[in-house]
Structures are given as structure tokens and as C-alpha cells.
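Structure data follow from final18.cif (mmCIF, C-alpha atoms and all ligand atoms):
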data_structure
loop_
_atom_site.label_atom_id
_atom_site.label_comp_id
_atom_site.auth_asym_id
_atom_site.auth_seq_id
_atom_site.Cartn_x
_atom_site.Cartn_y
_atom_site.Cartn_z
CA ALA A 226 41.37 32.79 -71.34
CA LEU A 227 42.07 29.12 -71.05
CA ALA A 228 40.14 27.09 -73.55
CA SER A 229 38.11 23.98 -72.89
CA GLY A 230 39.88 20.81 -73.88
CA ASN A 231 39.22 17.12 -73.94
CA GLU A 232 41.18 14.28 -72.39
CA LYS A 233 40.76 12.37 -75.63
CA PRO A 234 41.06 14.00 -79.04
CA GLN A 235 37.67 14.56 -80.56
CA SER A 236 36.95 12.63 -83.68
CA PRO A 237 35.86 14.96 -86.45
CA GLN A 238 32.20 14.81 -87.28
CA LYS A 239 31.68 12.71 -90.38
CA ARG A 240 30.43 15.61 -92.39
CA ALA A 241 32.16 17.74 -94.97
CA SER A 242 31.24 20.79 -92.96
CA TYR A 243 33.35 19.76 -89.97
CA ARG A 244 34.81 22.73 -88.17
CA PRO A 245 37.36 22.63 -85.36
CA PRO A 246 36.14 23.38 -81.80
CA GLN A 247 35.32 27.05 -81.31
CA HIS A 248 37.34 27.41 -78.13
CA LYS A 249 40.85 27.78 -79.38
CA VAL A 250 43.29 25.88 -77.21
CA SER A 251 45.92 28.19 -75.73
CA ASP A 252 49.65 27.67 -75.36
CA ASN A 253 50.53 23.99 -74.90
CA ASP A 254 46.85 23.00 -75.03
CA ILE A 255 46.29 23.93 -71.41
CA TYR A 256 42.74 23.50 -70.16
CA ILE A 257 40.88 23.98 -66.92
CA ARG A 258 37.38 22.58 -66.57
CA SER A 259 34.72 22.74 -63.84
CA TYR A 260 32.43 19.89 -62.86
CA PHE A 261 29.42 19.92 -60.57
CA PHE A 262 27.43 17.11 -58.99
CA PRO A 263 24.98 15.41 -58.83
CA SER A 264 25.46 14.87 -62.55
CA GLU A 265 26.04 11.73 -64.57
CA GLU A 266 27.78 13.92 -67.15
CA SER A 267 30.29 15.07 -64.53
CA PHE A 268 30.63 11.50 -63.37
CA SER A 269 31.42 10.40 -66.93
CA ALA A 270 34.12 13.06 -67.05
CA LEU A 271 35.74 11.50 -63.98
CA ILE A 272 35.56 8.02 -65.52
CA ASN A 273 37.05 9.38 -68.76
CA PHE A 274 39.79 11.10 -66.78
CA ILE A 275 40.75 7.80 -65.12
CA GLY A 276 40.39 6.08 -68.49
CA ALA A 277 42.91 8.46 -70.09
CA ALA A 278 45.75 7.36 -67.77
CA LYS A 279 48.56 5.76 -69.77
CA SER A 280 51.49 5.33 -67.37
CA SER A 281 50.47 6.37 -63.84
CA LEU A 282 47.35 7.00 -61.78
CA ASP A 283 47.95 8.51 -58.35
CA ILE A 284 44.78 8.68 -56.28
CA CYS A 285 44.46 10.59 -53.01
CA VAL A 286 40.80 10.36 -51.97
CA PHE A 287 39.14 10.25 -48.54
CA ASN A 288 36.60 7.56 -49.42
CA ILE A 289 36.14 5.20 -52.40
CA THR A 290 32.98 3.08 -52.44
CA ASP A 291 31.57 3.56 -55.96
CA ASN A 292 31.89 0.27 -57.84
CA ASP A 293 31.92 2.03 -61.21
CA VAL A 294 34.93 4.08 -60.15
CA THR A 295 36.60 0.98 -58.76
CA ARG A 296 36.07 -0.75 -62.11
CA ALA A 297 37.69 2.19 -63.96
CA ILE A 298 40.67 2.03 -61.60
CA ALA A 299 40.96 -1.76 -62.07
CA ASP A 300 40.81 -1.27 -65.85
CA ALA A 301 43.73 1.16 -65.62
CA LYS A 302 45.73 -1.39 -63.65
CA HIS A 303 44.88 -4.08 -66.21
CA ARG A 304 46.19 -2.02 -69.11
CA GLY A 305 49.54 -1.56 -67.35
CA VAL A 306 49.07 1.79 -65.60
CA GLU A 307 50.97 2.08 -62.31
CA VAL A 308 48.20 2.79 -59.78
CA ARG A 309 48.71 4.01 -56.21
CA ILE A 310 46.05 5.00 -53.69
CA ILE A 311 46.25 7.16 -50.57
CA THR A 312 43.11 7.20 -48.44
CA ASP A 313 41.84 7.76 -44.91
CA ASP A 314 42.46 5.15 -42.22
CA GLU A 315 38.99 5.30 -40.66
CA GLN A 316 37.16 5.34 -43.99
CA LEU A 317 39.00 2.14 -44.92
CA LYS A 318 36.97 0.31 -42.28
CA CYS A 319 33.61 1.66 -43.44
CA GLN A 320 31.11 -0.51 -45.21
CA GLY A 321 31.49 -0.67 -48.97
CA ASN A 322 35.01 0.72 -49.01
CA ASP A 323 36.79 -0.75 -52.05
CA VAL A 324 40.43 0.07 -51.31
CA GLU A 325 41.46 -3.16 -49.54
CA ARG A 326 39.57 -5.17 -52.16
CA MET A 327 41.51 -3.40 -54.93
CA ARG A 328 44.76 -4.41 -53.25
CA ASP A 329 43.65 -8.02 -52.76
CA GLN A 330 42.04 -8.54 -56.17
CA TYR A 331 44.13 -6.30 -58.43
CA GLY A 332 47.41 -5.77 -56.59
CA ILE A 333 46.91 -2.02 -56.27
CA PRO A 334 49.01 -0.69 -53.37
CA PHE A 335 47.56 1.81 -50.93
CA LYS A 336 48.59 3.86 -47.93
CA THR A 337 46.57 5.71 -45.29
CA ASP A 338 47.21 8.36 -42.69
CA THR A 339 47.87 6.69 -39.35
CA ASP A 340 46.18 9.10 -36.99
CA THR A 341 42.58 8.38 -36.07
CA SER A 342 42.16 11.98 -34.88
CA LYS A 343 42.97 13.32 -38.36
CA PHE A 344 41.46 12.91 -41.79
CA MET A 345 43.24 12.30 -45.04
CA HIS A 346 40.43 14.40 -46.48
CA SER A 347 41.77 15.35 -49.95
CA LYS A 348 39.93 14.21 -53.05
CA PHE A 349 42.30 14.41 -55.98
CA ALA A 350 43.91 12.25 -58.64
CA ILE A 351 46.79 12.75 -61.06
CA ILE A 352 47.19 10.92 -64.37
CA ASP A 353 50.60 10.51 -65.97
CA ARG A 354 51.89 13.30 -63.70
CA ARG A 355 50.37 15.73 -66.23
CA ALA A 356 46.69 16.28 -65.36
CA VAL A 357 44.84 16.72 -62.09
CA TRP A 358 41.28 16.15 -60.85
CA SER A 359 40.64 17.97 -57.54
CA GLY A 360 37.56 18.94 -55.58
CA SER A 361 35.03 18.18 -52.89
CA TYR A 362 33.90 14.99 -54.55
CA ASN A 363 34.48 11.69 -52.73
CA TRP A 364 34.34 8.63 -54.97
CA THR A 365 31.09 7.39 -53.48
CA VAL A 366 27.62 6.75 -54.83
CA SER A 367 26.07 9.38 -52.55
CA ALA A 368 28.49 12.02 -53.81
CA ARG A 369 27.60 11.05 -57.35
CA ARG A 370 23.81 10.82 -56.98
CA SER A 371 22.79 13.01 -54.04
CA ASN A 372 25.33 15.56 -52.91
CA ASN A 373 26.14 19.00 -54.23
CA GLU A 374 29.79 18.71 -55.16
CA SER A 375 32.33 20.53 -57.29
CA ALA A 376 35.66 19.67 -58.93
CA ILE A 377 38.26 21.18 -61.21
CA CYS A 378 40.22 19.25 -63.81
CA THR A 379 43.33 20.79 -65.39
CA ASN A 380 46.51 19.85 -67.20
CA ASP A 381 48.28 23.06 -66.20
CA PRO A 382 51.90 21.86 -65.76
CA ASN A 383 52.56 23.81 -62.55
CA THR A 384 49.40 22.44 -60.98
CA ALA A 385 50.21 18.89 -62.07
CA GLN A 386 53.70 19.28 -60.62
CA SER A 387 52.41 20.67 -57.29
CA TYR A 388 49.88 17.87 -56.89
CA SER A 389 52.48 15.22 -57.87
CA ASP A 390 54.86 16.64 -55.27
CA GLU A 391 52.10 16.54 -52.63
CA PHE A 392 51.27 12.95 -53.55
CA GLU A 393 54.92 11.84 -53.28
CA LYS A 394 55.27 13.68 -49.96
CA LEU A 395 52.26 11.87 -48.50
CA TRP A 396 53.28 8.53 -50.03
CA SER A 397 56.69 8.80 -48.31
CA GLN A 398 55.20 10.07 -45.07
CA PHE A 399 52.49 7.42 -44.57
CA ALA B 236 52.24 27.28 -68.75
CA LEU B 237 50.18 29.51 -66.58
CA ALA B 238 52.26 31.68 -64.30
CA SER B 239 51.78 32.17 -60.60
CA GLY B 240 49.99 35.35 -59.73
CA ASN B 241 48.98 37.24 -56.66
CA GLU B 242 45.60 38.47 -55.54
CA LYS B 243 47.15 41.80 -54.56
CA PRO B 244 49.78 43.54 -56.68
CA GLN B 245 53.21 43.12 -55.19
CA SER B 246 54.89 46.30 -54.07
CA PRO B 247 58.31 46.64 -55.68
CA GLN B 248 61.24 46.04 -53.38
CA LYS B 249 62.70 49.35 -52.27
CA ARG B 250 66.00 48.74 -53.97
CA ALA B 251 67.40 50.11 -57.17
CA SER B 252 67.93 46.55 -58.36
CA TYR B 253 64.21 45.73 -58.34
CA ARG B 254 63.32 43.22 -61.00
CA PRO B 255 59.82 42.13 -61.98
CA PRO B 256 58.62 38.66 -60.84
CA GLN B 257 60.31 35.87 -62.77
CA HIS B 258 57.09 34.07 -63.60
CA LYS B 259 55.76 36.01 -66.49
CA VAL B 260 52.01 36.39 -66.25
CA SER B 261 50.28 34.97 -69.30
CA ASP B 262 47.41 36.37 -71.31
CA ASN B 263 45.05 38.42 -69.14
CA ASP B 264 47.09 37.67 -66.03
CA ILE B 265 45.47 34.28 -65.60
CA TYR B 266 46.77 32.22 -62.72
CA ILE B 267 46.02 28.84 -61.21
CA ARG B 268 47.50 28.01 -57.82
CA SER B 269 47.51 24.88 -55.66
CA TYR B 270 47.24 24.85 -51.87
CA PHE B 271 47.70 21.99 -49.46
CA PHE B 272 46.85 21.63 -45.80
CA PRO B 273 47.66 21.49 -42.92
CA SER B 274 49.59 24.71 -43.61
CA GLU B 275 49.28 28.15 -42.10
CA GLU B 276 50.71 29.50 -45.37
CA SER B 277 47.83 27.94 -47.32
CA PHE B 278 45.43 29.23 -44.69
CA SER B 279 46.82 32.75 -45.14
CA ALA B 280 46.21 32.40 -48.86
CA LEU B 281 42.52 31.68 -48.15
CA ILE B 282 42.27 34.69 -45.82
CA ASN B 283 43.97 36.87 -48.45
CA PHE B 284 41.58 35.54 -51.08
CA ILE B 285 38.57 36.55 -48.96
CA GLY B 286 40.33 39.84 -48.17
CA ALA B 287 40.67 40.65 -51.87
CA ALA B 288 36.88 40.68 -52.47
CA LYS B 289 35.74 44.16 -53.55
CA SER B 290 32.11 43.80 -54.64
CA SER B 291 30.88 40.25 -54.00
CA LEU B 292 31.81 37.16 -51.99
CA ASP B 293 29.77 34.05 -52.77
CA ILE B 294 30.54 31.19 -50.40
CA CYS B 295 29.36 27.61 -50.91
CA VAL B 296 30.96 25.57 -48.12
CA PHE B 297 29.75 22.47 -46.24
CA ASN B 298 30.92 23.62 -42.81
CA ILE B 299 32.23 26.93 -41.42
CA THR B 300 33.48 26.90 -37.82
CA ASP B 301 36.87 28.64 -37.97
CA ASN B 302 36.59 32.00 -36.18
CA ASP B 303 39.47 33.48 -38.17
CA VAL B 304 37.64 32.73 -41.42
CA THR B 305 34.42 34.12 -39.96
CA ARG B 306 36.28 37.31 -39.06
CA ALA B 307 37.58 37.66 -42.63
CA ILE B 308 34.04 37.19 -43.97
CA ALA B 309 32.67 39.78 -41.50
CA ASP B 310 35.44 42.19 -42.54
CA ALA B 311 34.36 41.81 -46.16
CA LYS B 312 30.77 42.60 -45.21
CA HIS B 313 31.94 45.65 -43.22
CA ARG B 314 33.78 47.10 -46.19
CA GLY B 315 30.65 46.87 -48.34
CA VAL B 316 31.12 43.55 -50.11
CA GLU B 317 27.85 41.74 -50.87
CA VAL B 318 28.28 38.42 -49.07
CA ARG B 319 26.11 35.31 -49.55
CA ILE B 320 26.58 31.87 -48.00
CA ILE B 321 25.26 28.47 -49.06
CA THR B 322 25.92 25.66 -46.60
CA ASP B 323 24.66 22.27 -45.44
CA ASP B 324 21.49 22.03 -43.38
CA GLU B 325 22.77 19.44 -40.90
CA GLN B 326 26.13 21.13 -40.44
CA LEU B 327 24.30 24.31 -39.51
CA LYS B 328 23.18 22.63 -36.30
CA CYS B 329 26.63 21.39 -35.33
CA GLN B 330 28.55 22.92 -32.46
CA GLY B 331 30.70 25.90 -33.39
CA ASN B 332 28.98 26.53 -36.72
CA ASP B 333 29.25 30.26 -37.43
CA VAL B 334 26.73 30.71 -40.24
CA GLU B 335 23.64 31.64 -38.20
CA ARG B 336 25.79 33.92 -36.04
CA MET B 337 27.02 35.71 -39.18
CA ARG B 338 23.42 36.34 -40.21
CA ASP B 339 22.41 37.56 -36.76
CA GLN B 340 25.48 39.71 -36.04
CA TYR B 341 26.46 40.94 -39.51
CA GLY B 342 23.35 40.55 -41.65
CA ILE B 343 24.94 38.03 -43.98
CA PRO B 344 22.21 35.99 -45.73
CA PHE B 345 22.54 32.25 -46.09
CA LYS B 346 20.72 29.31 -47.64
CA THR B 347 21.03 25.56 -47.12
CA ASP B 348 19.95 22.44 -48.91
CA THR B 349 16.73 21.20 -47.42
CA ASP B 350 17.21 17.45 -47.58
CA THR B 351 18.66 15.76 -44.51
CA SER B 352 19.57 12.74 -46.62
CA LYS B 353 21.84 14.83 -48.85
CA PHE B 354 24.90 16.97 -48.29
CA MET B 355 25.63 20.39 -49.70
CA HIS B 356 29.19 19.15 -49.67
CA SER B 357 30.98 21.66 -51.96
CA LYS B 358 33.74 23.85 -50.59
CA PHE B 359 34.19 26.80 -52.90
CA ALA B 360 34.05 30.57 -52.93
CA ILE B 361 33.96 33.20 -55.66
CA ILE B 362 35.14 36.79 -55.29
CA ASP B 363 33.82 39.54 -57.55
CA ARG B 364 32.61 36.82 -59.94
CA ARG B 365 36.20 36.70 -61.26
CA ALA B 366 38.22 34.31 -59.07
CA VAL B 367 37.44 30.95 -57.49
CA TRP B 368 38.72 28.96 -54.50
CA SER B 369 37.69 25.30 -54.73
CA GLY B 370 38.78 22.11 -53.01
CA SER B 371 38.38 19.57 -50.24
CA TYR B 372 38.94 22.13 -47.52
CA ASN B 373 36.09 22.89 -45.13
CA TRP B 374 36.44 26.16 -43.27
CA THR B 375 37.06 24.50 -39.93
CA VAL B 376 39.94 24.48 -37.48
CA SER B 377 40.50 20.73 -37.91
CA ALA B 378 40.80 21.11 -41.68
CA ARG B 379 43.31 23.90 -41.12
CA ARG B 380 45.43 22.26 -38.40
CA SER B 381 45.03 18.48 -38.71
CA ASN B 382 43.66 17.23 -42.00
CA ASN B 383 45.34 16.61 -45.31
CA GLU B 384 43.45 18.88 -47.70
CA SER B 385 43.91 20.40 -51.11
CA ALA B 386 42.49 23.38 -52.99
CA ILE B 387 42.89 25.23 -56.27
CA CYS B 388 42.56 28.98 -56.70
CA THR B 389 42.19 30.48 -60.15
CA ASN B 390 40.95 33.58 -61.93
CA ASP B 391 40.42 31.75 -65.21
CA PRO B 392 37.32 33.51 -66.61
CA ASN B 393 35.55 30.34 -67.80
CA THR B 394 36.03 28.73 -64.40
CA ALA B 395 34.82 31.84 -62.57
CA GLN B 396 31.76 31.91 -64.84
CA SER B 397 30.98 28.21 -64.31
CA TYR B 398 31.24 28.50 -60.54
CA SER B 399 29.17 31.70 -60.51
CA ASP B 400 26.48 29.95 -62.56
CA GLU B 401 26.50 27.01 -60.14
CA PHE B 402 26.22 29.36 -57.17
CA GLU B 403 23.26 31.22 -58.70
CA LYS B 404 21.59 27.92 -59.56
CA LEU B 405 21.86 26.69 -55.96
CA TRP B 406 20.90 30.09 -54.53
CA SER B 407 17.67 30.01 -56.58
CA GLN B 408 17.01 26.36 -55.85
CA PHE B 409 17.42 26.40 -52.05
ZN ZN C 1 42.71 9.54 -40.01
ZN ZN C 2 21.51 18.04 -46.28
#

Here is a file; write its structure as C-alpha cells.
Ligand SMILES: [Zn+2]
Ligand SMILES: [Zn+2]
Amino acid sequence: ALASGNEKPQSPQKRASYRPPQHKVSDNDIYIRSYFFPSEESFSALINFIGAAKSSLDICVFNITDNDVTRAIADAKHRGVEVRIITDDEQLKCQGNDVERMRDQYGIPFKTDTDTSKFMHSKFAIIDRRAVWSGSYNWTVSARRSNNESAICTNDPNTAQSYSDEFEKLWSQF
Amino acid sequence: ALASGNEKPQSPQKRASYRPPQHKVSDNDIYIRSYFFPSEESFSALINFIGAAKSSLDICVFNITDNDVTRAIADAKHRGVEVRIITDDEQLKCQGNDVERMRDQYGIPFKTDTDTSKFMHSKFAIIDRRAVWSGSYNWTVSARRSNNESAICTNDPNTAQSYSDEFEKLWSQF
């Protein structure tokens, strides 16, 4: 079985009796984790995921209106991470959407689908082309506080590669 | 890395030169696969996933309107699989929604959230409490033919357990 992992290495407890995590990490430290909403714990996991980006953050999400998420994305940009956003054309015009503001204030480029009869409905992100967040969860306050949502986070290399390929395909296409 | 797997065992090619699949399956045949839409190939993977259910099929999807998916679910029920559906209360009333029809015609029980201000917005399914489909993909014709969507399918035991626990939690709660 795949073991649970952490985006950031855990600091050992400051006790002599520190023991390593019970779930042994399998080959190449591959993890796959499940998150459910509403849950501030799951939300923190998303913020930590974004916060772990070192070189690139590729976001492909239908709707982004949650200011706390926007702040985490802006922080990534500020520390030198190359951020790109793909989102839905109609959602862009909805109240509270932060994507145009992120371009104007932080210089984060974005693209949208260009067909009002279709949705760019995915909700995934890739950090450093090595780990993926993917699920039903839009980056909105209602998704965080009210909705039943689910997401998977994994650093499985094949999955990271597949999602990176999909992102590049859409980025070229739009 | 995790290797690609298949829900159904592949039949060997009928040639003397048959060689086993190149992707070696890792410990306990664990796989994690990515699917993107629109794609009839990805859609076939969903139908095959439903078709592989032997004992239970637990569905937790915002909106189900695609008759081909409904047929696959009905087929599962016919072959003796215990099928349960959790869906969204408002979506239930939308045109083309198949969930009430599945209860009336096939005896498939369903539950919904009971808060019109919230969405049961997840889109996942679990077969035999051992494999999970999870993503942005609603089981609708527009998601299949028009939208950009993504989903992950895995038989990782911890993931299957987490999703099964979430399903039971919602089934009790609603
Ligand atoms: Zn659109
Ligand atoms: Zn509702």
C-alpha cells in the first residue's frame, strides 16, 4: 500500500522518544492522500500544497474566488514560483472572481476556454511538475465552507506527468 | 513509480511471442490512473470501472443525466451488485436527471443533501470498497462531450478506505 506522506518534512518531536511515522513510505516516497470538504483541515492541506511549490505552480480550476487561496497563489509568485492559471471564460466574469485581479496585481498570466457553451470544469493544480491536487473542489468559499467535496493529492510520477501534459495541451490550445 | 493497471485482467495475445505488459505492477497491484475529458476513451474507462463492480457500487455524484452511465449502473444492479447513490437535492429536480428513475425502475436507493443553500458537489464512486473514481467529472453528456474535465482512478487501499468512510458518513448523515 502507498503510505501517507507530507508535502513538508515533519520536524521530529522534541522528545527523546521520537519515533518515525508509522506509515512507511514506499518506493520513491510516493504518497496518495484523500481530502474531503467542508473541512478547514482539508483546506489547510490545499494551502500547504500551494505553499510547497518551489519552481512552478500550474493551476487549472473552474472558479477561484477564495481570497485565502488567492493570497497563497500570490505568495508563490512573490517567492519566484512560475505561476500559470487556466480557468473558465464565463466564471471569469462572475462576482468575486480573483483571476483577472491576480494578473493585474501580481503579473500572473491566465488563459480560459473560449467557448461559452463549454466549461473548463477541471479543478486541479500541479506543483513543480511533481505533485498533483485534483478533485471536485472549486477554489471558492462555498466549496470550502458549505459543499460536500472531495480531492486526491499525489506525487505519483506518472500522474504528475499526465496532468502536466494535460496542462500544457490546454495552455497551447487556449 | 506506480504502474498502470487494468480493472479486468488482460487476455494474452494469441501469439507465441506473447510478452507480459511492460509496466510492472508494483506491490499488491496498486495502480493510479489519470483521465481527461472530453474523451470517449476516458468515458469508456468510467463505464468499464462501473462494469467491474462485483459486490458493491457506491456513487456520490452531483449530477447524473447520461443515459449510457445510467445503463451501466442498472446493469450492475441487475447482476446483483448492491448499488447506492448520493446526489445533490437541487440537481435531482433538473431536467434529464436519472436518479429518481433509477430508484423507480431498478430499485436503486438514493440519498441527497437536504440544504438548498449547499451542494453535494463531489463526483466519486467506489467499487467493492477497493477502487475509487474521483474527479471533476459529473456524469452528464455535456461533461463527456464538451467540458474539460479530469479524474483519477486508483485501487490504493488507503484511498479506497477513506472514500468508503466518507460515503458511509454521508449515507448516515443524509
Ligand atoms: Zn466556457
Ligand atoms: Zn443542496

Pull out every residue of chain B sitting within 7 Å of chain A, counting all atoms listed in the file, and send them as a PDB file with C-alpha atoms, in the frame of the given file.
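Final file, out.pdb:
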ATOM      1  CA  ALA B 236      52.240  27.280 -68.750  1.00  0.00           C
ATOM      2  CA  LEU B 237      50.180  29.510 -66.580  1.00  0.00           C
ATOM      3  CA  ARG B 268      47.500  28.010 -57.820  1.00  0.00           C
ATOM      4  CA  SER B 269      47.510  24.880 -55.660  1.00  0.00           C
ATOM      5  CA  LYS B 353      21.840  14.830 -48.850  1.00  0.00           C
ATOM      6  CA  PHE B 354      24.900  16.970 -48.290  1.00  0.00           C
ATOM      7  CA  MET B 355      25.630  20.390 -49.700  1.00  0.00           C
ATOM      8  CA  HIS B 356      29.190  19.150 -49.670  1.00  0.00           C
ATOM      9  CA  SER B 357      30.980  21.660 -51.960  1.00  0.00           C
ATOM     10  CA  LYS B 358      33.740  23.850 -50.590  1.00  0.00           C
ATOM     11  CA  SER B 369      37.690  25.300 -54.730  1.00  0.00           C
ATOM     12  CA  GLY B 370      38.780  22.110 -53.010  1.00  0.00           C
ATOM     13  CA  SER B 371      38.380  19.570 -50.240  1.00  0.00           C
ATOM     14  CA  SER B 381      45.030  18.480 -38.710  1.00  0.00           C
ATOM     15  CA  ASN B 382      43.660  17.230 -42.000  1.00  0.00           C
ATOM     16  CA  ASN B 383      45.340  16.610 -45.310  1.00  0.00           C
ATOM     17  CA  GLU B 384      43.450  18.880 -47.700  1.00  0.00           C
ATOM     18  CA  SER B 385      43.910  20.400 -51.110  1.00  0.00           C
ATOM     19  CA  ASP B 391      40.420  31.750 -65.210  1.00  0.00           C
ATOM     20  CA  PRO B 392      37.320  33.510 -66.610  1.00  0.00           C
ATOM     21  CA  THR B 394      36.030  28.730 -64.400  1.00  0.00           C
ATOM     22  CA  SER B 397      30.980  28.210 -64.310  1.00  0.00           C
TER      23      SER B 397
END

Give the superposed chain B as a short mmCIF file (atom, residue, chain, number, x, y, z; two decimals) with C-alpha atoms, in the frame of the given file, the fit being least squares on chain A over all ordered C-alpha pairs.
data_model
loop_
_atom_site.label_atom_id
_atom_site.label_comp_id
_atom_site.auth_asym_id
_atom_site.auth_seq_id
_atom_site.Cartn_x
_atom_site.Cartn_y
_atom_site.Cartn_z
CA ALA B 236 41.11 32.85 -71.29
CA LEU B 237 41.90 29.21 -71.14
CA ALA B 238 39.90 27.16 -73.60
CA SER B 239 37.99 24.00 -72.87
CA GLY B 240 39.82 20.88 -73.86
CA ASN B 241 39.21 17.19 -73.95
CA GLU B 242 41.15 14.34 -72.42
CA LYS B 243 40.80 12.38 -75.66
CA PRO B 244 41.14 14.00 -79.08
CA GLN B 245 37.78 14.51 -80.68
CA SER B 246 37.19 12.58 -83.87
CA PRO B 247 36.14 14.92 -86.67
CA GLN B 248 32.50 14.75 -87.64
CA LYS B 249 32.11 12.67 -90.78
CA ARG B 250 30.84 15.56 -92.83
CA ALA B 251 32.55 17.68 -95.41
CA SER B 252 31.60 20.74 -93.39
CA TYR B 253 33.69 19.71 -90.38
CA ARG B 254 35.03 22.70 -88.52
CA PRO B 255 37.52 22.63 -85.66
CA PRO B 256 36.21 23.26 -82.10
CA GLN B 257 35.29 26.90 -81.56
CA HIS B 258 37.23 27.23 -78.33
CA LYS B 259 40.73 27.72 -79.49
CA VAL B 260 43.16 25.85 -77.29
CA SER B 261 45.73 28.17 -75.77
CA ASP B 262 49.45 27.72 -75.36
CA ASN B 263 50.36 24.06 -74.88
CA ASP B 264 46.72 23.02 -75.00
CA ILE B 265 46.17 23.96 -71.38
CA TYR B 266 42.65 23.53 -70.11
CA ILE B 267 40.84 24.02 -66.83
CA ARG B 268 37.34 22.60 -66.47
CA SER B 269 34.71 22.78 -63.73
CA TYR B 270 32.40 19.93 -62.74
CA PHE B 271 29.42 19.96 -60.43
CA PHE B 272 27.44 17.16 -58.85
CA PRO B 273 24.98 15.46 -58.67
CA SER B 274 25.43 14.93 -62.42
CA GLU B 275 25.98 11.78 -64.43
CA GLU B 276 27.71 13.98 -67.03
CA SER B 277 30.25 15.13 -64.43
CA PHE B 278 30.59 11.54 -63.27
CA SER B 279 31.35 10.45 -66.84
CA ALA B 280 34.04 13.11 -66.97
CA LEU B 281 35.70 11.53 -63.91
CA ILE B 282 35.51 8.05 -65.46
CA ASN B 283 36.96 9.43 -68.71
CA PHE B 284 39.72 11.14 -66.74
CA ILE B 285 40.69 7.83 -65.09
CA GLY B 286 40.30 6.12 -68.47
CA ALA B 287 42.81 8.49 -70.06
CA ALA B 288 45.68 7.41 -67.76
CA LYS B 289 48.48 5.80 -69.79
CA SER B 290 51.41 5.35 -67.41
CA SER B 291 50.42 6.38 -63.88
CA LEU B 292 47.30 7.02 -61.79
CA ASP B 293 47.93 8.51 -58.36
CA ILE B 294 44.77 8.69 -56.26
CA CYS B 295 44.48 10.59 -52.98
CA VAL B 296 40.83 10.34 -51.94
CA PHE B 297 39.18 10.22 -48.49
CA ASN B 298 36.63 7.54 -49.37
CA ILE B 299 36.16 5.20 -52.35
CA THR B 300 32.98 3.09 -52.39
CA ASP B 301 31.55 3.58 -55.89
CA ASN B 302 31.87 0.28 -57.79
CA ASP B 303 31.87 2.05 -61.16
CA VAL B 304 34.89 4.11 -60.11
CA THR B 305 36.57 0.99 -58.73
CA ARG B 306 36.01 -0.71 -62.09
CA ALA B 307 37.63 2.21 -63.93
CA ILE B 308 40.63 2.04 -61.58
CA ALA B 309 40.91 -1.74 -62.07
CA ASP B 310 40.72 -1.24 -65.85
CA ALA B 311 43.64 1.18 -65.63
CA LYS B 312 45.66 -1.37 -63.69
CA HIS B 313 44.79 -4.06 -66.26
CA ARG B 314 46.09 -1.98 -69.14
CA GLY B 315 49.44 -1.53 -67.39
CA VAL B 316 49.00 1.80 -65.63
CA GLU B 317 50.92 2.07 -62.35
CA VAL B 318 48.18 2.79 -59.82
CA ARG B 319 48.70 4.01 -56.24
CA ILE B 320 46.05 4.99 -53.69
CA ILE B 321 46.28 7.14 -50.57
CA THR B 322 43.15 7.18 -48.42
CA ASP B 323 41.90 7.73 -44.88
CA ASP B 324 42.52 5.11 -42.22
CA GLU B 325 39.07 5.26 -40.63
CA GLN B 326 37.23 5.31 -43.95
CA LEU B 327 39.05 2.13 -44.90
CA LYS B 328 37.04 0.29 -42.27
CA CYS B 329 33.68 1.64 -43.39
CA GLN B 330 31.15 -0.54 -45.15
CA GLY B 331 31.51 -0.68 -48.93
CA ASN B 332 35.05 0.71 -48.97
CA ASP B 333 36.79 -0.75 -52.03
CA VAL B 334 40.43 0.05 -51.32
CA GLU B 335 41.47 -3.18 -49.57
CA ARG B 336 39.55 -5.18 -52.18
CA MET B 337 41.49 -3.40 -54.95
CA ARG B 338 44.75 -4.43 -53.29
CA ASP B 339 43.63 -8.03 -52.81
CA GLN B 340 42.00 -8.54 -56.22
CA TYR B 341 44.10 -6.31 -58.48
CA GLY B 342 47.37 -5.76 -56.63
CA ILE B 343 46.88 -2.03 -56.30
CA PRO B 344 49.01 -0.70 -53.41
CA PHE B 345 47.58 1.79 -50.96
CA LYS B 346 48.63 3.83 -47.95
CA THR B 347 46.63 5.67 -45.29
CA ASP B 348 47.29 8.29 -42.68
CA THR B 349 47.93 6.62 -39.38
CA ASP B 350 46.27 9.03 -36.97
CA THR B 351 42.67 8.31 -36.03
CA SER B 352 42.28 11.89 -34.85
CA LYS B 353 43.07 13.25 -38.32
CA PHE B 354 41.54 12.86 -41.75
CA MET B 355 43.32 12.27 -45.02
CA HIS B 356 40.50 14.35 -46.41
CA SER B 357 41.80 15.33 -49.89
CA LYS B 358 39.96 14.20 -53.00
CA PHE B 359 42.32 14.41 -55.93
CA ALA B 360 43.90 12.27 -58.61
CA ILE B 361 46.76 12.76 -61.05
CA ILE B 362 47.14 10.95 -64.37
CA ASP B 363 50.54 10.53 -66.00
CA ARG B 364 51.83 13.31 -63.73
CA ARG B 365 50.31 15.77 -66.24
CA ALA B 366 46.64 16.31 -65.34
CA VAL B 367 44.81 16.73 -62.04
CA TRP B 368 41.26 16.17 -60.78
CA SER B 369 40.66 17.97 -57.48
CA GLY B 370 37.59 18.94 -55.49
CA SER B 371 35.05 18.18 -52.79
CA TYR B 372 33.91 14.99 -54.46
CA ASN B 373 34.50 11.69 -52.67
CA TRP B 374 34.33 8.65 -54.90
CA THR B 375 31.10 7.39 -53.39
CA VAL B 376 27.62 6.76 -54.72
CA SER B 377 26.08 9.39 -52.43
CA ALA B 378 28.49 12.05 -53.69
CA ARG B 379 27.57 11.07 -57.24
CA ARG B 380 23.78 10.85 -56.84
CA SER B 381 22.78 13.03 -53.88
CA ASN B 382 25.33 15.58 -52.77
CA ASN B 383 26.16 19.00 -54.09
CA GLU B 384 29.83 18.73 -55.03
CA SER B 385 32.34 20.54 -57.16
CA ALA B 386 35.65 19.68 -58.82
CA ILE B 387 38.25 21.20 -61.12
CA CYS B 388 40.20 19.28 -63.74
CA THR B 389 43.28 20.81 -65.33
CA ASN B 390 46.45 19.88 -67.17
CA ASP B 391 48.22 23.08 -66.17
CA PRO B 392 51.84 21.89 -65.75
CA ASN B 393 52.53 23.82 -62.53
CA THR B 394 49.38 22.44 -60.95
CA ALA B 395 50.18 18.89 -62.06
CA GLN B 396 53.68 19.29 -60.61
CA SER B 397 52.40 20.66 -57.28
CA TYR B 398 49.89 17.86 -56.87
CA SER B 399 52.46 15.22 -57.87
CA ASP B 400 54.87 16.63 -55.27
CA GLU B 401 52.13 16.52 -52.63
CA PHE B 402 51.29 12.93 -53.54
CA GLU B 403 54.94 11.83 -53.31
CA LYS B 404 55.30 13.64 -49.99
CA LEU B 405 52.30 11.81 -48.51
CA TRP B 406 53.31 8.49 -50.08
CA SER B 407 56.72 8.74 -48.36
CA GLN B 408 55.26 9.99 -45.11
CA PHE B 409 52.52 7.36 -44.60
#

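Interatomic distance, CA of Trp374 (chain B) to CA of Ser277 (chain B): 12.2 Å.
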
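For the pair CA of Gly276 (chain A) and CA of Asp291 (chain A), the interatomic distance is 15.5 Å.
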
Select, from A:Thr341, A:Gln320, A:Thr290, A:Ser269, the residue with the minimum atom-to-atom distance to ligand ZN 1 (chain C), counting all atoms listed in the file.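 For ligand ZN 1 (chain C), the nearest of the candidates is A:Thr341.
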
Would you pick out the contacts of Ser399 (chain B) at 9 Å or less, using all atoms listed in the file, so that residues sharing its chain but fewer than 6 positions from it are not included, and give the list as a count of residues only? 5
